[in-house]
Amino acid sequence: MIACENSGHSVLDDFAEVSKIVDAGATSKPIKDYELSRYACYLIVQNGDPRKEVIALGQTQKILDYMGSTELIANLFRISQTEEKLRKDRVEGAENATSIHYNVGKEVRTAIKKIGGTMPEDLPTPEKSIQQIEQEQMARLKAKAKKGKILLDE
């Protein structure tokens with residue numbers, strides 16, 4: 001939420017507070033929850049601790065499916081610079097590592113702004129992921145193979 005606020009976005013718009021009912025033994029009770037915008041999800045994954053499996057997966061596989069080359073390169077640069085700084089400064093502890101991760105990301109964003117680049121959240125979102133496109137291509141190739149127009153080595 002801090003990253004959202006610092007980027008000039010509305011925290012209330014991107015992290016809408018809602019309540020949901022959960023079972024609590026013999027009864028149920030309301031708990032606070034959040035509906036996240038695409039941008040909020042992006043911030044959580046990009047600013048999360050990459051030592052947590054779900055964050056690491058999000059920072060690589062799932063997000064990469066929708067990234068264009070500009071966003072991919074910026075993220076790879078941010079990741080490599082963060083890793084280098086953590087190693088060079090011999091950073092210990094999750095809180096210190098998270099702080100370094102955040103600060104390097106902030107510097108990369110500043111550089112993108114300074115050179116007049118497009119901020120990641122302003123880049124267009126592809127309609128389909130790489131995985132969806134690959135599945136469509138395979139289906140098309142298999143259909144051609146069934147018609148005898150090409151040979152597939154399955």
# chains A, B, ... in the order shown; residues from 1 in each chain; ligands from 1
>>> select_by_dssp(residues="region 3-150 of chain A", states="helix (DSSP H, G or I)", output="PyMOL selection string")
chain A and resi 3-6+11-14+38-47+53-64+69-88+94-114+120-122+130-146
>>> residues_around(residues="region 83-94 of chain A", least_positions_apart="4", cutoff="12 Å", atoms="only C-alpha atoms", output="list in words")
Gly48, Asp49, Pro50, Arg51, Lys52, Leu76, Phe77, Arg78, Ile79, Thr98, Ser99, Ile100, His101, Tyr102, Asn103, Val104 and Gly105 of chain A
>>> residues_around(residues="Ser19 (chain A)", least_positions_apart="4", cutoff="9 Å", atoms="only C-alpha atoms", output="PyMOL selection string")
chain A and resi 30-34
>>> closest_residue(among="A:Ser7, A:Thr110, A:Ser80, A:Asn75", to="Tyr39 (chain A)", atoms="only C-alpha atoms")
A:Ser7
>>> select_by_dssp(residues="chain A", states="strand (DSSP E)", output="ChimeraX atom specification")
/A:15-24,27-36
>>> atom_distance(atom1="CA of Phe15 (chain A)", atom2="CA of Met1 (chain A)")
7.5 Å
>>> decode(residues="region 115-128 of chain A", atoms="N, CA, C and O atoms", output="mmCIF file, in the first residue's frame")
data_model
loop_
_atom_site.group_PDB
_atom_site.id
_atom_site.type_symbol
_atom_site.label_atom_id
_atom_site.label_comp_id
_atom_site.auth_asym_id
_atom_site.auth_seq_id
_atom_site.Cartn_x
_atom_site.Cartn_y
_atom_site.Cartn_z
ATOM 1 N N ILE A 115 14.324 9.038 -17.954
ATOM 2 C CA ILE A 115 14.632 8.935 -19.381
ATOM 3 C C ILE A 115 13.380 9.010 -20.258
ATOM 4 O O ILE A 115 13.456 8.899 -21.471
ATOM 5 N N GLY A 116 12.229 9.195 -19.603
ATOM 6 C CA GLY A 116 10.988 9.345 -20.355
ATOM 7 C C GLY A 116 10.372 8.036 -20.798
ATOM 8 O O GLY A 116 9.568 8.003 -21.730
ATOM 9 N N GLY A 117 10.733 6.950 -20.128
ATOM 10 C CA GLY A 117 10.170 5.643 -20.466
ATOM 11 C C GLY A 117 8.748 5.491 -19.947
ATOM 12 O O GLY A 117 8.250 6.322 -19.192
ATOM 13 N N THR A 118 8.104 4.443 -20.370
ATOM 14 C CA THR A 118 6.747 4.154 -19.920
ATOM 15 C C THR A 118 6.820 3.346 -18.637
ATOM 16 O O THR A 118 7.520 2.335 -18.578
ATOM 17 N N MET A 119 6.094 3.792 -17.632
ATOM 18 C CA MET A 119 6.080 3.083 -16.351
ATOM 19 C C MET A 119 5.398 1.732 -16.548
ATOM 20 O O MET A 119 4.458 1.615 -17.345
ATOM 21 N N PRO A 120 5.853 0.696 -15.836
ATOM 22 C CA PRO A 120 5.291 -0.641 -16.030
ATOM 23 C C PRO A 120 3.776 -0.700 -15.926
ATOM 24 O O PRO A 120 3.125 -1.383 -16.715
ATOM 25 N N GLU A 121 3.209 0.019 -14.972
ATOM 26 C CA GLU A 121 1.751 -0.033 -14.805
ATOM 27 C C GLU A 121 1.008 0.658 -15.945
ATOM 28 O O GLU A 121 -0.202 0.484 -16.110
ATOM 29 N N ASP A 122 1.724 1.440 -16.758
ATOM 30 C CA ASP A 122 1.100 2.127 -17.886
ATOM 31 C C ASP A 122 1.290 1.387 -19.213
ATOM 32 O O ASP A 122 0.771 1.813 -20.242
ATOM 33 N N LEU A 123 2.051 0.301 -19.185
ATOM 34 C CA LEU A 123 2.242 -0.486 -20.400
ATOM 35 C C LEU A 123 0.954 -1.237 -20.729
ATOM 36 O O LEU A 123 0.206 -1.619 -19.826
ATOM 37 N N PRO A 124 0.677 -1.445 -21.999
ATOM 38 C CA PRO A 124 -0.552 -2.166 -22.349
ATOM 39 C C PRO A 124 -0.482 -3.618 -21.892
ATOM 40 O O PRO A 124 0.576 -4.234 -21.902
ATOM 41 N N THR A 125 -1.616 -4.134 -21.491
ATOM 42 C CA THR A 125 -1.709 -5.533 -21.079
ATOM 43 C C THR A 125 -2.104 -6.366 -22.292
ATOM 44 O O THR A 125 -3.134 -6.105 -22.898
ATOM 45 N N PRO A 126 -1.285 -7.330 -22.646
ATOM 46 C CA PRO A 126 -1.662 -8.197 -23.772
ATOM 47 C C PRO A 126 -2.978 -8.906 -23.479
ATOM 48 O O PRO A 126 -3.283 -9.200 -22.322
ATOM 49 N N GLU A 127 -3.749 -9.155 -24.515
ATOM 50 C CA GLU A 127 -5.027 -9.836 -24.339
ATOM 51 C C GLU A 127 -4.837 -11.293 -23.942
ATOM 52 O O GLU A 127 -5.684 -11.873 -23.277
ATOM 53 N N LYS A 128 -3.726 -11.905 -24.369
ATOM 54 C CA LYS A 128 -3.485 -13.318 -24.090
ATOM 55 C C LYS A 128 -2.092 -13.499 -23.509
ATOM 56 O O LYS A 128 -1.170 -12.782 -23.878
#
